[in-house]
file input33.cif (mmCIF, C-alpha atoms)
data_data
loop_
_atom_site.label_atom_id
_atom_site.label_comp_id
_atom_site.auth_asym_id
_atom_site.auth_seq_id
_atom_site.Cartn_x
_atom_site.Cartn_y
_atom_site.Cartn_z
CA ASN D 1 35.93 -7.40 -15.80
CA ASN D 2 34.21 -6.64 -19.10
CA ASN D 3 31.58 -9.29 -18.37
CA THR D 4 31.04 -7.83 -14.88
CA ASN D 5 30.60 -4.31 -16.29
CA THR D 6 28.13 -5.57 -18.89
CA ASN D 7 26.07 -7.33 -16.22
CA ASN D 8 26.04 -4.20 -14.06
CA ASN D 9 24.88 -2.11 -17.03
CA ASN D 10 22.10 -4.54 -17.85
CA ASN D 11 20.96 -4.63 -14.21
CA MET D 12 20.81 -0.86 -13.93
CA SER D 13 18.96 -0.32 -17.23
CA ASP D 14 15.63 -1.16 -15.65
CA ASN D 15 12.66 0.51 -13.94
CA ARG D 16 13.70 -0.11 -10.33
CA LEU D 17 14.04 2.44 -7.56
CA ARG D 18 17.45 1.92 -6.00
CA CYS D 19 18.56 4.54 -3.46
CA ALA D 20 17.23 7.55 -1.58
CA LEU D 21 19.43 10.33 -0.23
CA ALA D 22 19.03 13.62 1.68
CA TYR D 23 21.57 16.48 1.59
CA ARG D 24 21.95 19.98 2.89
CA LEU D 25 23.16 22.48 0.31
CA GLU D 26 25.87 24.60 1.85
CA ASP D 27 26.46 28.23 0.98
CA LYS D 28 29.73 29.38 -0.52
CA LYS D 29 31.05 30.38 2.89
CA SER D 30 30.64 26.83 4.20
CA SER D 31 33.67 24.75 4.95
CA SER D 32 32.20 21.78 3.02
CA ALA D 33 34.55 21.09 0.17
CA GLU D 34 31.88 19.63 -2.09
CA GLY D 35 29.20 22.21 -1.23
CA VAL D 36 26.80 19.60 0.23
CA THR D 37 26.46 17.69 3.49
CA LEU D 38 24.96 14.21 3.50
CA LEU D 39 22.11 14.01 6.00
CA ALA D 40 20.69 10.54 5.37
CA LYS D 41 20.94 7.71 2.86
CA TYR D 42 19.12 4.48 2.20
CA ASP D 43 20.25 1.78 -0.23
CA HIS D 44 16.90 0.22 -1.15
CA LEU D 45 18.27 -2.59 -3.32
CA SER D 46 21.46 -3.00 -1.26
CA GLU D 47 23.64 -2.90 -4.34
CA TYR D 48 25.97 0.02 -3.79
CA GLU D 49 27.04 -0.44 -0.19
CA THR D 50 27.32 -4.20 -0.80
CA HIS D 51 29.35 -3.94 -3.98
CA GLY D 52 31.18 -0.70 -3.36
CA GLY D 53 29.46 1.44 -5.96
CA ALA D 54 28.61 1.01 -9.62
CA GLU D 55 30.82 1.47 -12.63
CA GLY D 56 30.26 4.61 -14.67
CA GLY D 57 31.21 8.28 -14.78
CA LEU D 58 28.25 9.38 -12.72
CA TYR D 59 29.54 7.60 -9.64
CA GLY D 60 33.26 7.94 -10.23
CA GLY D 61 33.97 4.21 -10.17
CA ARG D 62 34.03 1.62 -7.41
CA ASP D 63 36.35 3.62 -5.17
CA LYS D 64 33.59 6.12 -4.31
CA SER D 65 30.40 5.47 -2.35
CA TYR D 66 27.12 6.26 -4.08
CA SER D 67 26.34 9.02 -1.56
CA ASP D 68 29.63 10.83 -2.25
CA ALA D 69 29.20 10.45 -6.00
CA VAL D 70 25.63 11.78 -6.00
CA GLY D 71 26.78 14.56 -3.65
CA MET D 72 29.33 15.60 -6.29
CA VAL D 73 26.60 15.58 -8.95
CA VAL D 74 24.36 17.80 -6.81
CA SER D 75 27.26 20.09 -5.88
CA ASN D 76 28.38 20.52 -9.50
CA ASP D 77 24.85 21.11 -10.79
CA PRO D 78 22.66 22.22 -7.86
CA PRO D 79 18.87 22.39 -8.20
CA SER D 80 17.32 25.67 -9.28
CA ALA D 81 16.21 27.80 -6.35
CA THR D 82 12.49 27.66 -5.61
CA SER D 83 10.71 30.76 -4.33
CA GLN D 84 7.91 28.81 -2.66
CA ALA D 85 8.56 28.27 1.02
CA GLY D 86 8.01 24.81 2.45
CA ALA D 87 8.10 23.15 -0.96
CA ILE D 88 10.66 21.26 -2.99
CA GLY D 89 11.37 22.23 -6.58
CA GLY D 90 14.04 22.95 -9.18
CA PHE D 91 14.14 19.28 -10.09
CA LYS D 92 16.94 17.96 -12.24
CA VAL D 93 17.56 14.62 -13.93
CA VAL D 94 21.12 13.48 -14.61
CA HIS D 95 21.62 10.40 -16.80
CA SER D 96 24.53 8.06 -17.27
CA GLU D 97 24.67 5.08 -19.60
CA VAL D 98 22.94 2.79 -17.14
CA HIS D 99 21.12 4.82 -14.46
CA GLN D 100 19.80 8.25 -13.50
CA VAL D 101 19.72 10.60 -10.52
CA ILE D 102 16.66 12.79 -9.89
CA TYR D 103 16.91 15.51 -7.27
CA GLY D 104 15.42 18.79 -6.10
CA ALA D 105 15.69 21.25 -3.18
CA ASP D 106 13.70 23.78 -1.18
CA SER D 107 14.50 27.42 -0.50
CA GLU D 108 16.38 26.52 2.71
CA GLY D 109 18.82 24.12 1.02
CA LEU D 110 17.23 20.78 1.91
CA CYS D 111 17.94 18.58 -1.08
CA LEU D 112 16.41 15.13 -1.69
CA ALA D 113 17.59 12.70 -4.38
CA VAL D 114 16.87 9.21 -5.70
CA ILE D 115 18.82 6.84 -7.91
CA THR D 116 16.80 4.76 -10.36
CA GLY D 117 17.23 2.60 -13.40
CA LEU D 118 16.98 4.39 -16.73
CA LYS D 119 13.48 3.06 -17.40
CA TYR D 120 12.05 4.42 -14.15
CA PRO D 121 9.75 7.39 -15.03
CA SER D 122 11.27 10.65 -13.80
CA ARG D 123 7.75 12.07 -13.17
CA VAL D 124 7.16 9.31 -10.62
CA ALA D 125 10.53 9.99 -9.00
CA ILE D 126 9.59 13.67 -8.67
CA GLN D 127 6.23 12.62 -7.22
CA MET D 128 8.09 10.54 -4.63
CA LEU D 129 10.50 13.35 -3.77
CA THR D 130 7.58 15.75 -3.27
CA GLU D 131 5.75 13.35 -0.93
CA TRP D 132 8.93 12.39 0.90
CA TYR D 133 9.89 16.05 1.34
CA GLY D 134 6.66 16.81 3.24
CA LYS D 135 7.32 14.01 5.71
CA PHE D 136 11.08 14.61 6.04
CA LYS D 137 10.63 18.37 6.48
CA GLU D 138 8.00 17.89 9.16
CA GLN D 139 10.03 15.38 11.19
CA PHE D 140 13.64 16.46 10.59
CA GLY D 141 13.39 20.02 9.25
CA LEU D 142 15.03 21.68 12.24
CA GLN D 143 17.68 18.99 12.68
CA ALA D 144 18.57 19.13 8.97
CA LYS D 145 19.78 22.71 9.32
CA SER D 146 22.66 21.75 11.62
CA ALA D 147 22.98 17.96 11.39
CA THR D 148 26.46 16.54 10.81
CA ASN D 149 27.42 14.20 8.00
CA ASN D 150 25.18 11.09 7.80
CA SER D 151 23.73 11.75 11.25
CA LEU D 152 20.06 11.30 10.26
CA THR D 153 20.40 7.98 8.42
CA LYS D 154 19.30 5.79 11.32
CA LYS D 155 16.54 8.15 12.41
CA ALA D 156 15.09 8.47 8.92
CA LYS D 157 15.59 4.85 7.87
CA SER D 158 12.02 3.78 8.62
CA MET D 159 10.64 6.69 6.63
CA MET D 160 12.95 6.11 3.65
CA THR D 161 12.26 2.36 3.69
CA SER D 162 8.52 2.99 3.57
CA MET D 163 8.79 5.51 0.75
CA CYS D 164 11.07 3.32 -1.35
CA LYS D 165 8.87 0.26 -0.93
CA LYS D 166 5.83 2.27 -1.96
CA TYR D 167 7.41 3.81 -5.06
CA ASP D 168 9.33 0.73 -6.15
CA ASP D 169 6.01 -0.76 -7.32
CA LEU D 170 5.12 1.52 -10.22
CA SER D 171 1.72 -0.08 -10.78
CA LYS D 172 0.54 1.24 -7.39
CA VAL D 173 1.76 4.83 -7.71
CA ASP D 174 1.59 5.58 -11.44
CA LYS D 175 -1.56 5.15 -13.51
CA ALA D 176 0.39 5.20 -16.76
CA SER D 177 2.70 2.41 -15.58
CA ALA D 178 -0.30 0.43 -14.32
CA LEU D 179 -1.98 0.89 -17.71
CA ILE D 180 1.19 -0.18 -19.49
CA GLY D 181 1.33 -3.25 -17.26
CA LYS D 182 -2.27 -4.11 -18.15
CA VAL D 183 -1.51 -3.57 -21.84
CA ASP D 184 1.45 -5.92 -21.54
CA GLU D 185 -0.79 -8.50 -19.88
CA VAL D 186 -3.32 -8.12 -22.70
CA LYS D 187 -0.51 -8.47 -25.26
CA VAL D 188 0.66 -11.69 -23.62
CA THR D 189 -2.92 -12.98 -23.55
CA MET D 190 -3.40 -12.04 -27.20
CA GLN D 191 -0.15 -13.75 -28.15
CA ASP D 192 -1.29 -16.89 -26.33
CA ASN D 193 -4.67 -16.71 -28.04
CA ILE D 194 -3.07 -16.27 -31.45
CA ALA D 195 -0.73 -19.20 -30.78
CA ASN D 196 -3.69 -21.35 -29.73
CA MET D 197 -5.62 -20.21 -32.78
CA LEU D 198 -2.75 -21.18 -35.06
CA VAL D 199 -2.60 -24.59 -33.39
CA ASN D 200 -6.34 -24.96 -33.81
CA MET D 201 -6.04 -23.91 -37.47
CA GLU D 202 -3.40 -26.56 -38.02
CA GLN D 203 -5.62 -29.14 -36.34
CA ALA D 204 -8.60 -27.96 -38.40
CA GLU D 205 -6.57 -28.27 -41.59
CA GLY D 206 -5.62 -31.80 -40.57
CA LEU D 207 -9.26 -32.63 -39.88
CA ALA D 208 -10.26 -31.10 -43.23
CA GLU D 209 -7.70 -33.28 -45.01
CA LYS D 210 -9.00 -36.35 -43.19
CA SER D 211 -12.58 -35.34 -44.02
CA ASP D 212 -11.69 -34.97 -47.71
CA ALA D 213 -10.07 -38.39 -47.64
CA LEU D 214 -13.17 -39.89 -46.00
CA ASN D 215 -15.42 -38.18 -48.56
CA GLU D 216 -13.32 -39.59 -51.36
CA GLN D 217 -13.49 -43.07 -49.84
CA ALA D 218 -17.25 -42.65 -49.40
CA SER D 219 -17.59 -41.71 -53.08
CA VAL D 220 -15.63 -44.78 -54.11
CA PHE D 221 -17.74 -46.96 -51.81
CA LYS D 222 -20.94 -45.44 -53.20
CA LYS D 223 -19.82 -46.11 -56.78
CA LYS D 224 -18.88 -49.70 -55.96
CA SER D 225 -22.22 -50.15 -54.18
CA ALA D 226 -24.07 -48.90 -57.27
CA ASP D 227 -22.10 -51.23 -59.51
CA LEU D 228 -22.77 -54.14 -57.16
CA LYS D 229 -26.45 -53.27 -57.07
CA LYS D 230 -26.59 -53.36 -60.86
CA GLN D 231 -24.81 -56.67 -60.92
CA MET D 232 -27.24 -58.09 -58.34
CA LYS D 233 -30.19 -56.85 -60.39
CA CYS D 234 -28.82 -58.57 -63.47
CA LYS D 235 -28.29 -61.78 -61.55
CA ASN D 236 -31.80 -61.60 -60.09
CA LEU D 237 -33.29 -61.02 -63.56
CA LYS D 238 -31.41 -63.97 -64.97
CA MET D 239 -32.53 -66.19 -62.09
CA THR D 240 -36.13 -65.02 -62.55
CA ILE D 241 -36.02 -65.84 -66.29
CA ILE D 242 -34.46 -69.23 -65.64
CA ILE D 243 -37.04 -70.11 -62.98
CA ALA D 244 -39.84 -68.95 -65.27
CA LEU D 245 -38.50 -71.12 -68.08
CA ILE D 246 -38.20 -74.08 -65.75
CA ILE D 247 -41.77 -73.62 -64.55
CA ILE D 248 -43.02 -73.30 -68.14
CA GLY D 249 -41.09 -76.43 -69.08
CA VAL D 250 -42.54 -78.36 -66.14
CA LEU D 251 -46.05 -77.23 -67.03
CA ILE D 252 -45.55 -78.30 -70.62
CA VAL D 253 -44.32 -81.69 -69.53
CA ILE D 254 -47.32 -82.10 -67.21
CA PHE D 255 -50.15 -80.68 -69.30
CA VAL D 256 -49.21 -81.73 -72.85
CA PRO D 257 -49.70 -85.49 -72.21
CA ILE D 258 -52.99 -84.81 -70.43
CA ILE D 259 -54.24 -82.74 -73.31
CA LEU D 260 -53.22 -85.38 -75.83
CA ARG D 261 -54.97 -88.10 -73.84
CA PHE D 262 -58.09 -85.98 -73.57
CA LYS D 263 -58.11 -85.45 -77.33
CA ARG D 264 -57.70 -89.18 -77.99
CA SER D 265 -60.51 -90.05 -75.61
CA ASN D 266 -62.82 -87.62 -77.33
CA GLU D 267 -61.98 -89.09 -80.75
CA ASN D 268 -62.80 -92.62 -79.54
#
call {"tool": "encode", "arguments": {"input": "input33.cif", "output": "structure tokens"}}
result
Amino acid sequence: NNNTNTNNNNNMSDNRLRCALAYRLEDKKSSSAEGVTLLAKYDHLSEYETHGGAEGGLYGGRDKSYSDAVGMVVSNDPPSATSQAGAIGGFKVVHSEVHQVIYGADSEGLCLAVITGLKYPSRVAIQMLTEWYGKFKEQFGLQAKSATNNSLTKKAKSMMTSMCKKYDDLSKVDKASALIGKVDEVKVTMQDNIANMLVNMEQAEGLAEKSDALNEQASVFKKKSADLKKQMKCKNLKMTIIIALIIIGVLIVIFVPIILRFKRSNEN
């Protein structure tokens, strides 16, 4: 059970739009025990009606449906009365450990509410309630004044589905969220670039080490080449001297006898 509760908490601590609800605030003379009448509800993420409600004080545990629990929240802390006719106002935000309820009402007692994860911006939820109110008031305003419990759910389902789908994607309805999304994308790109840069730096360091090793080998090869060149020069000089001496010796052997013979012939 503890693991289940932890998973539920983690799932709800997000920026998702979960449920949309419409109530009629009853006056003190009404027979409604909780002071509100549920007009319509839509479980956008199909979590509450599927699983029987979420854990936590805001919903009263799994034995209460989300619509009854939110109805109790609205009844215990109703929205502030708005003096502007045909408009919704008096918005309130009620938090629990894992989720939040945002709701408001008009001067005739029509109350609209949404359940979201804790990270869902309340300003966007209020923006949704304001837009939804205009459509709901126009189509169901008269029926809402006398409708019985949950009697408008089927009729308003298409409208609530459309509104929830629109406002579940924050990047399309909230410039700040869209900007944050772009910043996150840039951060991811920068992180990838930095990682690639570090890899390239490591590769460059490896290449630098190899280059230093090659330079060192080249220096050794150059020194050995110079030494070999000197040795070859010495050998060539020695060979030149030896050849010169041989040639001189051969010339002496050839010309000395001729010269001696020439001298003798002159003397005779």
call {"tool": "closest_residue", "arguments": {"input": "input33.cif", "among": "D:Met160, D:Leu45, D:Ala195, D:Val94", "to": "Lys135 (chain D)", "atoms": "all atoms listed in the file"}}
result
D:Met160
call {"tool": "resolve_selection", "arguments": {"input": "input33.cif", "expression": "the PyMOL selection byres ((chain D and resi 42) around 12)", "output": "count of residues only"}}
result
38
call {"tool": "atom_distance", "arguments": {"input": "input33.cif", "atom1": "CA of Met232 (chain D)", "atom2": "CA of Ala213 (chain D)"}}
result
28.2 Å
call {"tool": "closest_residue", "arguments": {"input": "input33.cif", "among": "D:Lys222, D:Arg24, D:Arg16, D:Lys238", "to": "Ala147 (chain D)", "atoms": "all atoms listed in the file"}}
result
D:Arg24
call {"tool": "atom_distance", "arguments": {"input": "input33.cif", "atom1": "CA of Glu97 (chain D)", "atom2": "CA of Asp77 (chain D)"}}
result
18.3 Å
call {"tool": "residues_around", "arguments": {"input": "input33.cif", "residues": "Met128 (chain D)", "least_positions_apart": "4", "cutoff": "8 Å", "atoms": "all atoms listed in the file", "output": "ChimeraX atom specification"}}
result
/D:124,132,163,167
call {"tool": "atom_distance", "arguments": {"input": "input33.cif", "atom1": "CA of Pro79 (chain D)", "atom2": "CA of Tyr103 (chain D)"}}
result
7.2 Å
call {"tool": "resolve_selection", "arguments": {"input": "input33.cif", "expression": "the PyMOL selection byres ((chain D and resi 119-122) around 8)", "output": "ChimeraX atom specification"}}
result
/D:13-17,93,102,116-118,123-126
call {"tool": "axis_aligned_box", "arguments": {"input": "input33.cif", "around": "region 105-118 of chain D", "padding_each_side": "3 Å", "output": "lines of an AutoDock Vina configuration file"}}
result
center_x = 16.3
center_y = 15.0
center_z = -7.0
size_x = 11.1
size_y = 30.8
size_z = 25.4
call {"tool": "closest_residue", "arguments": {"input": "input33.cif", "among": "D:Gly90, D:Gly206, D:Pro78, D:Gly109", "to": "Ser146 (chain D)", "atoms": "all atoms listed in the file"}}
result
D:Gly109
call {"tool": "build_atoms", "arguments": {"input": "input33.cif", "residues": "region 248-260 of chain D", "atoms": "N, CA, C and O atoms", "output": "PDB file, keeping the file's coordinate frame"}}
result
ATOM      1  N   ILE D 248     -42.304 -73.095 -66.868  1.00  0.00           N
ATOM      2  CA  ILE D 248     -43.020 -73.300 -68.140  1.00  0.00           C
ATOM      3  C   ILE D 248     -42.746 -74.705 -68.676  1.00  0.00           C
ATOM      4  O   ILE D 248     -43.633 -75.416 -69.145  1.00  0.00           O
ATOM      5  N   GLY D 249     -41.455 -75.093 -68.590  1.00  0.00           N
ATOM      6  CA  GLY D 249     -41.090 -76.430 -69.080  1.00  0.00           C
ATOM      7  C   GLY D 249     -41.815 -77.523 -68.304  1.00  0.00           C
ATOM      8  O   GLY D 249     -42.311 -78.506 -68.881  1.00  0.00           O
ATOM      9  N   VAL D 250     -41.869 -77.376 -66.981  1.00  0.00           N
ATOM     10  CA  VAL D 250     -42.540 -78.360 -66.140  1.00  0.00           C
ATOM     11  C   VAL D 250     -44.027 -78.424 -66.489  1.00  0.00           C
ATOM     12  O   VAL D 250     -44.642 -79.512 -66.597  1.00  0.00           O
ATOM     13  N   LEU D 251     -44.632 -77.271 -66.685  1.00  0.00           N
ATOM     14  CA  LEU D 251     -46.050 -77.230 -67.030  1.00  0.00           C
ATOM     15  C   LEU D 251     -46.313 -77.899 -68.378  1.00  0.00           C
ATOM     16  O   LEU D 251     -47.321 -78.609 -68.552  1.00  0.00           O
ATOM     17  N   ILE D 252     -45.399 -77.658 -69.305  1.00  0.00           N
ATOM     18  CA  ILE D 252     -45.550 -78.300 -70.620  1.00  0.00           C
ATOM     19  C   ILE D 252     -45.471 -79.812 -70.478  1.00  0.00           C
ATOM     20  O   ILE D 252     -46.269 -80.558 -71.042  1.00  0.00           O
ATOM     21  N   VAL D 253     -44.496 -80.241 -69.707  1.00  0.00           N
ATOM     22  CA  VAL D 253     -44.320 -81.690 -69.530  1.00  0.00           C
ATOM     23  C   VAL D 253     -45.554 -82.299 -68.856  1.00  0.00           C
ATOM     24  O   VAL D 253     -45.970 -83.422 -69.175  1.00  0.00           O
ATOM     25  N   ILE D 254     -46.172 -81.566 -67.933  1.00  0.00           N
ATOM     26  CA  ILE D 254     -47.320 -82.100 -67.210  1.00  0.00           C
ATOM     27  C   ILE D 254     -48.612 -82.038 -68.054  1.00  0.00           C
ATOM     28  O   ILE D 254     -49.371 -83.013 -68.153  1.00  0.00           O
ATOM     29  N   PHE D 255     -48.863 -80.896 -68.662  1.00  0.00           N
ATOM     30  CA  PHE D 255     -50.150 -80.680 -69.300  1.00  0.00           C
ATOM     31  C   PHE D 255     -50.237 -81.207 -70.732  1.00  0.00           C
ATOM     32  O   PHE D 255     -51.329 -81.546 -71.204  1.00  0.00           O
ATOM     33  N   VAL D 256     -49.148 -81.251 -71.450  1.00  0.00           N
ATOM     34  CA  VAL D 256     -49.210 -81.730 -72.850  1.00  0.00           C
ATOM     35  C   VAL D 256     -49.693 -83.176 -72.920  1.00  0.00           C
ATOM     36  O   VAL D 256     -50.608 -83.515 -73.707  1.00  0.00           O
ATOM     37  N   PRO D 257     -49.189 -84.107 -72.152  1.00  0.00           N
ATOM     38  CA  PRO D 257     -49.700 -85.490 -72.210  1.00  0.00           C
ATOM     39  C   PRO D 257     -51.176 -85.583 -71.823  1.00  0.00           C
ATOM     40  O   PRO D 257     -51.947 -86.345 -72.398  1.00  0.00           O
ATOM     41  N   ILE D 258     -51.573 -84.778 -70.844  1.00  0.00           N
ATOM     42  CA  ILE D 258     -52.990 -84.810 -70.430  1.00  0.00           C
ATOM     43  C   ILE D 258     -53.890 -84.351 -71.574  1.00  0.00           C
ATOM     44  O   ILE D 258     -54.947 -84.929 -71.844  1.00  0.00           O
ATOM     45  N   ILE D 259     -53.454 -83.280 -72.202  1.00  0.00           N
ATOM     46  CA  ILE D 259     -54.240 -82.740 -73.310  1.00  0.00           C
ATOM     47  C   ILE D 259     -54.333 -83.746 -74.440  1.00  0.00           C
ATOM     48  O   ILE D 259     -55.401 -83.962 -75.041  1.00  0.00           O
ATOM     49  N   LEU D 260     -53.230 -84.391 -74.741  1.00  0.00           N
ATOM     50  CA  LEU D 260     -53.220 -85.380 -75.830  1.00  0.00           C
ATOM     51  C   LEU D 260     -54.143 -86.543 -75.491  1.00  0.00           C
ATOM     52  O   LEU D 260     -54.900 -87.040 -76.343  1.00  0.00           O
TER      53      LEU D 260
END
